[in-house]
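K.L.:
CSV, C-alpha atoms, saved as work-v8.csv, coming up:
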chain,number,residue,atom,x,y,z
A,1,PRO,CA,-8.5,-8.9,-15.4
A,2,ALA,CA,-5.5,-9.7,-17.4
A,3,THR,CA,-4.6,-13.3,-17.8
A,4,GLY,CA,-1.1,-14.7,-17.6
A,5,ALA,CA,-1.1,-15.0,-21.4
A,6,THR,CA,-2.0,-11.3,-22.0
A,7,ALA,CA,0.5,-10.3,-19.3
A,8,MET,CA,3.3,-12.0,-21.2
A,9,ALA,CA,3.2,-9.1,-23.7
A,10,ARG,CA,4.2,-6.6,-21.0
A,11,GLY,CA,7.8,-7.8,-20.6
A,12,SER,CA,10.1,-10.8,-20.5
A,13,GLY,CA,8.3,-14.0,-19.5
A,14,ARG,CA,9.1,-16.3,-16.7
A,15,THR,CA,8.3,-20.0,-16.3
A,16,PHE,CA,8.0,-21.8,-13.0
A,17,MET,CA,7.0,-25.5,-12.9
A,18,GLY,CA,5.2,-25.1,-16.2
A,19,VAL,CA,3.4,-21.9,-15.4
A,20,ALA,CA,4.4,-19.1,-17.8
A,21,ASP,CA,3.7,-15.4,-17.0
A,22,SER,CA,5.4,-12.0,-17.0
A,23,TYR,CA,5.7,-10.0,-13.8
A,24,ARG,CA,8.0,-7.9,-11.6
A,25,ARG,CA,6.4,-8.7,-8.2
A,26,VAL,CA,5.7,-12.3,-7.3
A,27,VAL,CA,4.9,-14.5,-4.2
A,28,ILE,CA,5.7,-18.2,-4.3
A,29,ALA,CA,3.8,-20.2,-1.7
A,30,PHE,CA,4.7,-23.8,-0.9
A,31,ASP,CA,2.2,-26.1,0.9
A,32,VAL,CA,4.6,-28.4,2.8
A,33,ALA,CA,2.0,-30.5,4.6
A,34,ASP,CA,2.7,-34.2,5.0
A,35,SER,CA,-0.1,-35.1,2.6
A,36,VAL,CA,1.5,-32.9,-0.1
A,37,ARG,CA,4.9,-34.3,0.6
A,38,ARG,CA,3.7,-37.9,0.1
A,39,LYS,CA,1.7,-37.1,-3.0
A,40,ALA,CA,4.6,-35.1,-4.5
A,41,THR,CA,7.0,-38.0,-3.9
A,42,ARG,CA,4.5,-40.5,-5.4
A,43,ALA,CA,4.1,-38.2,-8.5
A,44,GLY,CA,7.9,-38.1,-9.0
A,45,ILE,CA,8.3,-34.4,-8.0
A,46,PRO,CA,9.4,-34.5,-4.4
A,47,LEU,CA,9.3,-31.2,-2.5
A,48,GLU,CA,13.1,-31.0,-2.8
A,49,ARG,CA,12.6,-30.7,-6.6
A,50,VAL,CA,10.0,-28.0,-6.1
A,51,ARG,CA,12.5,-26.2,-3.9
A,52,ASP,CA,15.2,-26.5,-6.7
A,53,GLU,CA,12.7,-25.1,-9.2
A,54,ALA,CA,12.2,-22.1,-7.0
A,55,VAL,CA,16.0,-21.7,-6.7
A,56,ALA,CA,16.2,-21.6,-10.5
A,57,LEU,CA,13.5,-19.0,-10.7
A,58,ILE,CA,15.2,-16.8,-8.2
A,59,GLU,CA,18.4,-17.0,-10.0
A,60,ARG,CA,16.7,-15.7,-13.1
A,61,LEU,CA,15.2,-12.6,-11.4
A,62,ASP,CA,16.7,-9.2,-12.1
A,63,ASP,CA,17.2,-6.2,-9.9
A,64,ARG,CA,13.9,-4.6,-11.1
A,65,SER,CA,12.0,-7.5,-9.7
A,66,ALA,CA,10.7,-8.2,-6.1
A,67,PHE,CA,9.7,-11.5,-4.6
A,68,ALA,CA,8.6,-13.3,-1.5
A,69,LEU,CA,8.7,-17.0,-0.5
A,70,ILE,CA,6.2,-18.6,1.9
A,71,GLN,CA,6.0,-22.1,3.2
A,72,PHE,CA,2.8,-23.1,5.0
A,73,VAL,CA,0.8,-25.9,6.6
A,74,ARG,CA,-1.7,-24.4,9.1
A,75,ARG,CA,1.0,-22.0,10.2
A,76,TYR,CA,3.5,-20.3,7.9
A,77,GLU,CA,7.0,-18.9,7.5
A,78,THR,CA,8.3,-16.3,5.1
A,79,PHE,CA,11.7,-15.6,3.8
A,80,SER,CA,10.9,-11.9,4.5
A,81,PRO,CA,7.8,-10.2,5.8
A,82,GLU,CA,7.3,-8.2,2.6
A,83,LEU,CA,8.3,-8.3,-1.0
A,84,THR,CA,12.1,-8.1,-1.3
A,85,PRO,CA,13.9,-6.4,-4.2
A,86,ALA,CA,15.7,-9.1,-6.1
A,87,THR,CA,19.2,-7.7,-5.6
A,88,ALA,CA,22.2,-10.1,-5.8
A,89,SER,CA,22.4,-10.3,-2.0
A,90,ALA,CA,18.7,-10.9,-1.6
A,91,ARG,CA,18.7,-13.7,-4.2
A,92,ALA,CA,21.7,-15.3,-2.4
A,93,GLY,CA,19.9,-15.0,0.9
A,94,ALA,CA,16.7,-16.5,-0.4
A,95,ILE,CA,18.5,-19.5,-2.0
A,96,GLU,CA,20.3,-20.1,1.3
A,97,TRP,CA,17.0,-19.9,3.1
A,98,LEU,CA,15.5,-22.5,0.7
A,99,HIS,CA,18.3,-24.9,1.3
A,100,LYS,CA,18.4,-24.4,5.1
A,101,SER,CA,14.8,-23.7,6.1
A,102,PHE,CA,12.6,-25.3,3.5
A,103,ARG,CA,10.6,-28.1,5.2
A,104,GLY,CA,10.4,-31.3,3.3
A,105,ASP,CA,9.4,-33.4,6.3
A,106,GLY,CA,5.7,-32.5,6.3
A,107,ARG,CA,5.8,-30.5,9.5
A,108,SER,CA,5.7,-26.8,10.4
A,109,GLY,CA,8.4,-25.2,12.4
A,110,SER,CA,8.0,-24.3,16.1
A,111,GLY,CA,8.5,-20.6,15.4
A,112,TRP,CA,6.1,-20.3,12.5
A,113,ALA,CA,3.5,-17.6,12.5
A,114,THR,CA,-0.2,-18.3,12.9
A,115,GLY,CA,-3.6,-16.5,12.9
A,116,GLU,CA,-7.3,-17.0,12.8
A,117,PRO,CA,-8.3,-18.5,10.5
A,118,ASP,CA,-5.1,-20.3,9.7
A,119,GLY,CA,-4.1,-22.5,6.8
A,120,ILE,CA,-4.8,-21.4,3.2
A,121,GLU,CA,-7.0,-18.5,4.3
A,122,LEU,CA,-4.2,-17.0,6.4
A,123,LEU,CA,-1.7,-17.7,3.6
A,124,LEU,CA,-3.7,-15.8,1.0
A,125,GLN,CA,-4.3,-12.8,3.4
A,126,VAL,CA,-0.5,-12.6,4.0
A,127,ALA,CA,0.4,-13.0,0.3
A,128,LEU,CA,-2.2,-10.5,-0.9
A,129,ALA,CA,-1.1,-7.9,1.7
A,130,MET,CA,2.4,-7.9,0.0
A,131,GLU,CA,0.7,-6.5,-3.1
A,132,PRO,CA,2.3,-8.7,-5.7
A,133,GLU,CA,1.3,-8.9,-9.4
A,134,VAL,CA,1.3,-12.7,-9.2
A,135,ILE,CA,0.9,-15.4,-6.5
A,136,VAL,CA,1.9,-19.0,-7.3
A,137,ILE,CA,0.6,-21.7,-4.9
A,138,ILE,CA,1.9,-25.3,-4.9
A,139,SER,CA,-0.5,-27.7,-3.1
A,140,ASP,CA,-2.8,-30.6,-3.4
A,141,GLY,CA,-5.8,-28.3,-2.9
A,142,ASP,CA,-7.2,-30.2,0.1
A,143,PHE,CA,-7.3,-27.5,2.7
A,144,GLN,CA,-8.3,-27.4,6.4
A,145,ARG,CA,-8.4,-24.8,9.1
A,146,SER,CA,-8.0,-25.2,12.9
A,147,VAL,CA,-11.2,-25.2,15.0
A,148,GLY,CA,-10.6,-25.5,18.7
A,149,ARG,CA,-8.5,-28.6,19.1
A,150,GLY,CA,-9.8,-30.1,15.9
A,151,SER,CA,-10.1,-29.0,12.2
A,152,GLN,CA,-12.6,-28.6,9.4
A,153,ASP,CA,-12.4,-28.5,5.7
A,154,VAL,CA,-12.2,-25.2,3.9
A,155,PRO,CA,-14.4,-25.3,0.8
A,156,TRP,CA,-13.0,-23.8,-2.4
A,157,THR,CA,-16.1,-21.6,-2.7
A,158,VAL,CA,-15.2,-20.0,0.6
A,159,ILE,CA,-11.6,-19.4,-0.5
A,160,GLU,CA,-12.8,-17.9,-3.7
A,161,GLU,CA,-15.2,-15.4,-2.1
A,162,GLN,CA,-12.7,-14.4,0.5
A,163,VAL,CA,-10.0,-13.7,-2.1
A,164,ALA,CA,-12.5,-11.6,-4.1
A,165,ARG,CA,-13.3,-9.6,-1.0
A,166,TRP,CA,-9.6,-9.2,0.0
A,167,GLN,CA,-8.7,-8.1,-3.6
A,168,LEU,CA,-11.0,-5.1,-3.1
A,169,GLN,CA,-8.8,-4.0,-0.2
A,170,HIS,CA,-5.6,-3.7,-2.3
A,171,ARG,CA,-4.8,-1.5,-5.2
A,172,ARG,CA,-3.3,-4.3,-7.3
A,173,ARG,CA,-5.4,-6.9,-9.1
A,174,VAL,CA,-3.4,-10.1,-8.4
A,175,ARG,CA,-3.2,-13.1,-10.7
A,176,ILE,CA,-3.2,-16.4,-8.9
A,177,HIS,CA,-1.7,-19.5,-10.4
A,178,PHE,CA,-2.1,-22.9,-8.9
A,179,ILE,CA,0.2,-25.9,-9.3
A,180,GLY,CA,-1.8,-28.9,-8.2
A,181,ILE,CA,-0.1,-32.0,-7.0
A,182,GLU,CA,-2.1,-35.2,-7.3
A,183,MET,CA,-5.4,-33.3,-6.9
A,184,GLU,CA,-8.7,-35.0,-6.4
A,185,PRO,CA,-11.0,-34.4,-9.4
A,186,ALA,CA,-13.4,-32.1,-7.3
A,187,HIS,CA,-10.5,-30.1,-6.1
A,188,ALA,CA,-9.0,-29.8,-9.6
A,189,ASP,CA,-12.3,-28.6,-11.0
A,190,ALA,CA,-12.6,-26.0,-8.2
A,191,ALA,CA,-9.1,-24.9,-8.7
A,192,ARG,CA,-9.7,-24.4,-12.4
A,193,ARG,CA,-12.6,-22.1,-11.7
A,194,PHE,CA,-10.6,-20.3,-9.0
A,195,THR,CA,-7.6,-19.6,-11.3
A,196,GLN,CA,-9.8,-18.6,-14.2
A,197,ARG,CA,-11.6,-16.1,-12.0
A,198,PHE,CA,-8.4,-14.5,-10.8
A,199,GLY,CA,-6.6,-14.4,-14.2
A,200,GLY,CA,-4.3,-17.3,-13.5
A,201,GLN,CA,-3.4,-20.8,-14.7
A,202,LEU,CA,-3.9,-24.3,-13.3
A,203,ARG,CA,-1.1,-26.7,-13.8
A,204,LEU,CA,-1.8,-30.3,-12.8
A,205,THR,CA,0.8,-32.9,-12.0
A,206,GLY,CA,0.7,-36.6,-11.1
A,207,ARG,CA,-2.6,-38.4,-11.3
A,208,SER,CA,-4.5,-35.1,-11.3
A,209,ALA,CA,-3.0,-34.3,-14.8
A,210,ALA,CA,-5.5,-36.7,-16.2
A,211,VAL,CA,-8.3,-34.5,-14.9
A,212,GLY,CA,-6.9,-31.5,-16.7
A,213,SER,CA,-6.9,-33.4,-20.1
A,214,ARG,CA,-10.7,-33.9,-20.0
Represent the structure from my file as structure tokens, please.

P.N.:
Amino acid sequence: PATGATAMARGSGRTFMGVADSYRRVVIAFDVADSVRRKATRAGIPLERVRDEAVALIERLDDRSAFALIQFVRRYETFSPELTPATASARAGAIEWLHKSFRGDGRSGSGWATGEPDGIELLLQVALAMEPEVIVIISDGDFQRSVGRGSQDVPWTVIEEQVARWQLQHRRRVRIHFIGIEMEPAHADAARRFTQRFGGQLRLTGRSAAVGSR
């Protein structure tokens, strides 16, 4: 599969939080769990700054582009149920949604959608079904799914194999980038393998950046 670097040759490049790529169809997915909120604040990149980076990216899109925005914890909420052409009115609506609906308090909304499994697995199913060229995920990489009234960890190996299987169901081969916020070393190593497999880049922030320099 093409990597972000080779894709840059296909058109004008875009940069979002240090991840550079070239695309017309993109999904940006924000993990707004409380653990991510706390780590982002500690790393000096509070979720409000992440939101503002997304606003800047949307402002740079042109009418030939299409985009989607998803915020998730276990449940999720989208700006629109499918990729939206980046018209001036759509860009304005998305920016308004980010300012009014983006959750920076670490909790999901009461009306957010859910499924089984939930969490990162559901998020990736929803994002891949939109058939983008690129998915960008912002998270700490520590994922859980709901099981009954409790929860269990979701191993990166499971996520990787599920994405490989889901990719076969869609005509587009999607590049997946990951912006890691204060990731634990094991999660950072797993995310590196994951993004390499799916043609993306791993960008580490906060304490996890030291892992990336090894």

K.L.:
What are the closest atom pairs, with distances in Å to one decimal, for each residue of range 69-150 of chain A lying within 12 Å of range 184-191 of chain A, using only C-alpha atoms, rows by chain and rising residue number, as CSV?

P.N.:
residue,atom,partner,partner_atom,distance
A:Ile137,CA,A:Ala191,CA,10.9
A:Ile138,CA,A:Ala191,CA,11.6
A:Ser139,CA,A:Ala191,CA,10.6
A:Asp140,CA,A:Glu184,CA,7.9
A:Gly141,CA,A:His187,CA,6.0
A:Asp142,CA,A:His187,CA,7.0
A:Phe143,CA,A:His187,CA,9.7

K.L.:
Tell me, as a ChimeraX atom specification, which residues lie within 9 Å of Gly109 in chain A, counting only C-alpha atoms; anything in the same chain fewer than 3 positions away does not count.

P.N.:
/A:75-77,103,112

K.L.:
Could you give me, as a PyMOL selection string, the residues that have an atom at most 12 Å away from the point (-1.0, -33.3, -10.8) in the coordinates of the file, using all atoms listed in the file?

P.N.:
chain A and resi 17-18+36+39-45+138-141+178-185+187-188+191+202-213

K.L.:
Residues as selected, C-alpha atoms, written as an mmCIF file, in the frame of the given file, can you do that?

P.N.:
data_model
loop_
_atom_site.group_PDB
_atom_site.id
_atom_site.type_symbol
_atom_site.label_atom_id
_atom_site.label_comp_id
_atom_site.auth_asym_id
_atom_site.auth_seq_id
_atom_site.Cartn_x
_atom_site.Cartn_y
_atom_site.Cartn_z
ATOM 1 C CA MET A 17 7.000 -25.500 -12.900
ATOM 2 C CA GLY A 18 5.200 -25.100 -16.200
ATOM 3 C CA VAL A 36 1.500 -32.900 -0.100
ATOM 4 C CA LYS A 39 1.700 -37.100 -3.000
ATOM 5 C CA ALA A 40 4.600 -35.100 -4.500
ATOM 6 C CA THR A 41 7.000 -38.000 -3.900
ATOM 7 C CA ARG A 42 4.500 -40.500 -5.400
ATOM 8 C CA ALA A 43 4.100 -38.200 -8.500
ATOM 9 C CA GLY A 44 7.900 -38.100 -9.000
ATOM 10 C CA ILE A 45 8.300 -34.400 -8.000
ATOM 11 C CA ILE A 138 1.900 -25.300 -4.900
ATOM 12 C CA SER A 139 -0.500 -27.700 -3.100
ATOM 13 C CA ASP A 140 -2.800 -30.600 -3.400
ATOM 14 C CA GLY A 141 -5.800 -28.300 -2.900
ATOM 15 C CA PHE A 178 -2.100 -22.900 -8.900
ATOM 16 C CA ILE A 179 0.200 -25.900 -9.300
ATOM 17 C CA GLY A 180 -1.800 -28.900 -8.200
ATOM 18 C CA ILE A 181 -0.100 -32.000 -7.000
ATOM 19 C CA GLU A 182 -2.100 -35.200 -7.300
ATOM 20 C CA MET A 183 -5.400 -33.300 -6.900
ATOM 21 C CA GLU A 184 -8.700 -35.000 -6.400
ATOM 22 C CA PRO A 185 -11.000 -34.400 -9.400
ATOM 23 C CA HIS A 187 -10.500 -30.100 -6.100
ATOM 24 C CA ALA A 188 -9.000 -29.800 -9.600
ATOM 25 C CA ALA A 191 -9.100 -24.900 -8.700
ATOM 26 C CA LEU A 202 -3.900 -24.300 -13.300
ATOM 27 C CA ARG A 203 -1.100 -26.700 -13.800
ATOM 28 C CA LEU A 204 -1.800 -30.300 -12.800
ATOM 29 C CA THR A 205 0.800 -32.900 -12.000
ATOM 30 C CA GLY A 206 0.700 -36.600 -11.100
ATOM 31 C CA ARG A 207 -2.600 -38.400 -11.300
ATOM 32 C CA SER A 208 -4.500 -35.100 -11.300
ATOM 33 C CA ALA A 209 -3.000 -34.300 -14.800
ATOM 34 C CA ALA A 210 -5.500 -36.700 -16.200
ATOM 35 C CA VAL A 211 -8.300 -34.500 -14.900
ATOM 36 C CA GLY A 212 -6.900 -31.500 -16.700
ATOM 37 C CA SER A 213 -6.900 -33.400 -20.100
#

K.L.:
Looking at A:Ser35, A:Gln169, A:Thr15, A:Ser80, which one is nearest to Asp105 in chain A, with distances taken over only C-alpha atoms?

P.N.:
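Answer, going by the shortest atom-to-atom distance: A:Ser35.
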
K.L.:
Please report the interatomic distance between CA of Pro81 in chain A and CA of Glu121 in chain A in Å with one decimal.

P.N.:
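Computing the Euclidean distance for CA of Pro81 in chain A and CA of Glu121 in chain A yields 17.0 Å.
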
K.L.:
As an NGL selection string, please: the residues near Arg37 in chain A (cut-off 9 Å, all atoms listed in the file, same-chain neighbours under 4 positions excluded).

P.N.:
:A and (31-33 or 41-42 or 46-47 or 104-106)

K.L.:
Using only the atoms of range 126-137 of chain A listed in the file, plus 4 Å on each side, state the axis-aligned box centre and edge lengths in Å rounded to one decimal, as JSON.

P.N.:
{"center_x": 0.1, "center_y": -14.1, "center_z": -2.7, "size_x": 12.6, "size_y": 23.2, "size_z": 21.4}

K.L.:
In terms of the shortest atom-to-atom distance over all atoms listed in the file, which of A:Phe72, A:Gly119, A:Leu57, A:Asp62 is closest to Ala20 in chain A?

P.N.:
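Distance minimum relative to Ala20 in chain A lands on A:Leu57.
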
K.L.:
Could you please determine the separation between CA of Ile176 in chain A and CA of Val136 in chain A in Å, to one decimal place?

P.N.:
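Interatomic distance here is 5.9 Å.
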
K.L.:
Residues within 9 Å of (-3.9, -8.8, -4.7), file coordinates, counting only C-alpha atoms: what are they? Give the list as a PyMOL selection string.

P.N.:
chain A and resi 127-135+163+166-176

K.L.:
Kindly export the residues of the current selection with C-alpha atoms, as a short mmCIF file (atom, residue, chain, number, x, y, z; two decimals), in the coordinates of the input.

P.N.:
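Saved result, again-v5.cif, follows:
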data_model
loop_
_atom_site.label_atom_id
_atom_site.label_comp_id
_atom_site.auth_asym_id
_atom_site.auth_seq_id
_atom_site.Cartn_x
_atom_site.Cartn_y
_atom_site.Cartn_z
CA ALA A 127 0.40 -13.00 0.30
CA LEU A 128 -2.20 -10.50 -0.90
CA ALA A 129 -1.10 -7.90 1.70
CA MET A 130 2.40 -7.90 0.00
CA GLU A 131 0.70 -6.50 -3.10
CA PRO A 132 2.30 -8.70 -5.70
CA GLU A 133 1.30 -8.90 -9.40
CA VAL A 134 1.30 -12.70 -9.20
CA ILE A 135 0.90 -15.40 -6.50
CA VAL A 163 -10.00 -13.70 -2.10
CA TRP A 166 -9.60 -9.20 0.00
CA GLN A 167 -8.70 -8.10 -3.60
CA LEU A 168 -11.00 -5.10 -3.10
CA GLN A 169 -8.80 -4.00 -0.20
CA HIS A 170 -5.60 -3.70 -2.30
CA ARG A 171 -4.80 -1.50 -5.20
CA ARG A 172 -3.30 -4.30 -7.30
CA ARG A 173 -5.40 -6.90 -9.10
CA VAL A 174 -3.40 -10.10 -8.40
CA ARG A 175 -3.20 -13.10 -10.70
CA ILE A 176 -3.20 -16.40 -8.90
#

K.L.:
Quote the spacing between CA of Phe67 in chain A and CA of Ser146 in chain A in Å to one decimal place.

P.N.:
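Those two atoms sit 28.4 Å apart.
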
K.L.:
Between A:Ile28, A:Ala92, A:Val50, A:Leu98, which has the minimum distance to Ile70 in chain A (counting only C-alpha atoms)?

P.N.:
A:Ile28

K.L.:
Could you name the residues that touch Thr84 in chain A at 9 Å or less, counting all atoms listed in the file, but leaving out those on the same chain fewer than 6 positions away, as an MDAnalysis selection string?

P.N.:
chainID A and resid 25 65:68 90

K.L.:
Missing atoms in range 11-24 of chain A need filling: write out N, CA and C atoms for it as a short mmCIF file (atom, residue, chain, number, x, y, z; two decimals), keeping the file's coordinate frame.

P.N.:
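Heads up, here's the output in rebuild.cif:
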data_model
loop_
_atom_site.label_atom_id
_atom_site.label_comp_id
_atom_site.auth_asym_id
_atom_site.auth_seq_id
_atom_site.Cartn_x
_atom_site.Cartn_y
_atom_site.Cartn_z
N GLY A 11 6.35 -7.78 -20.86
CA GLY A 11 7.80 -7.80 -20.60
C GLY A 11 8.27 -9.24 -20.78
N SER A 12 9.50 -9.49 -20.33
CA SER A 12 10.10 -10.80 -20.50
C SER A 12 9.31 -11.81 -19.65
N GLY A 13 9.05 -12.98 -20.21
CA GLY A 13 8.30 -14.00 -19.50
C GLY A 13 9.13 -14.81 -18.58
N ARG A 14 8.47 -15.42 -17.59
CA ARG A 14 9.10 -16.30 -16.70
C ARG A 14 8.30 -17.60 -16.61
N THR A 15 8.96 -18.72 -16.41
CA THR A 15 8.30 -20.00 -16.30
C THR A 15 8.71 -20.65 -14.99
N PHE A 16 7.71 -21.11 -14.22
CA PHE A 16 8.00 -21.80 -13.00
C PHE A 16 7.10 -23.06 -12.94
N MET A 17 7.71 -24.21 -12.97
CA MET A 17 7.00 -25.50 -12.90
C MET A 17 5.88 -25.55 -13.96
N GLY A 18 6.17 -25.06 -15.15
CA GLY A 18 5.20 -25.10 -16.20
C GLY A 18 4.24 -23.98 -16.33
N VAL A 19 4.26 -23.06 -15.39
CA VAL A 19 3.40 -21.90 -15.40
C VAL A 19 4.17 -20.71 -15.97
N ALA A 20 3.73 -20.19 -17.11
CA ALA A 20 4.40 -19.10 -17.80
C ALA A 20 3.63 -17.79 -17.55
N ASP A 21 4.32 -16.72 -17.19
CA ASP A 21 3.70 -15.40 -17.00
C ASP A 21 4.81 -14.38 -17.03
N SER A 22 4.42 -13.11 -17.01
CA SER A 22 5.40 -12.00 -17.00
C SER A 22 5.02 -11.12 -15.82
N TYR A 23 5.99 -10.80 -14.97
CA TYR A 23 5.70 -10.00 -13.80
C TYR A 23 7.01 -9.47 -13.20
N ARG A 24 6.86 -8.47 -12.36
CA ARG A 24 8.00 -7.90 -11.60
C ARG A 24 7.85 -8.26 -10.11
#
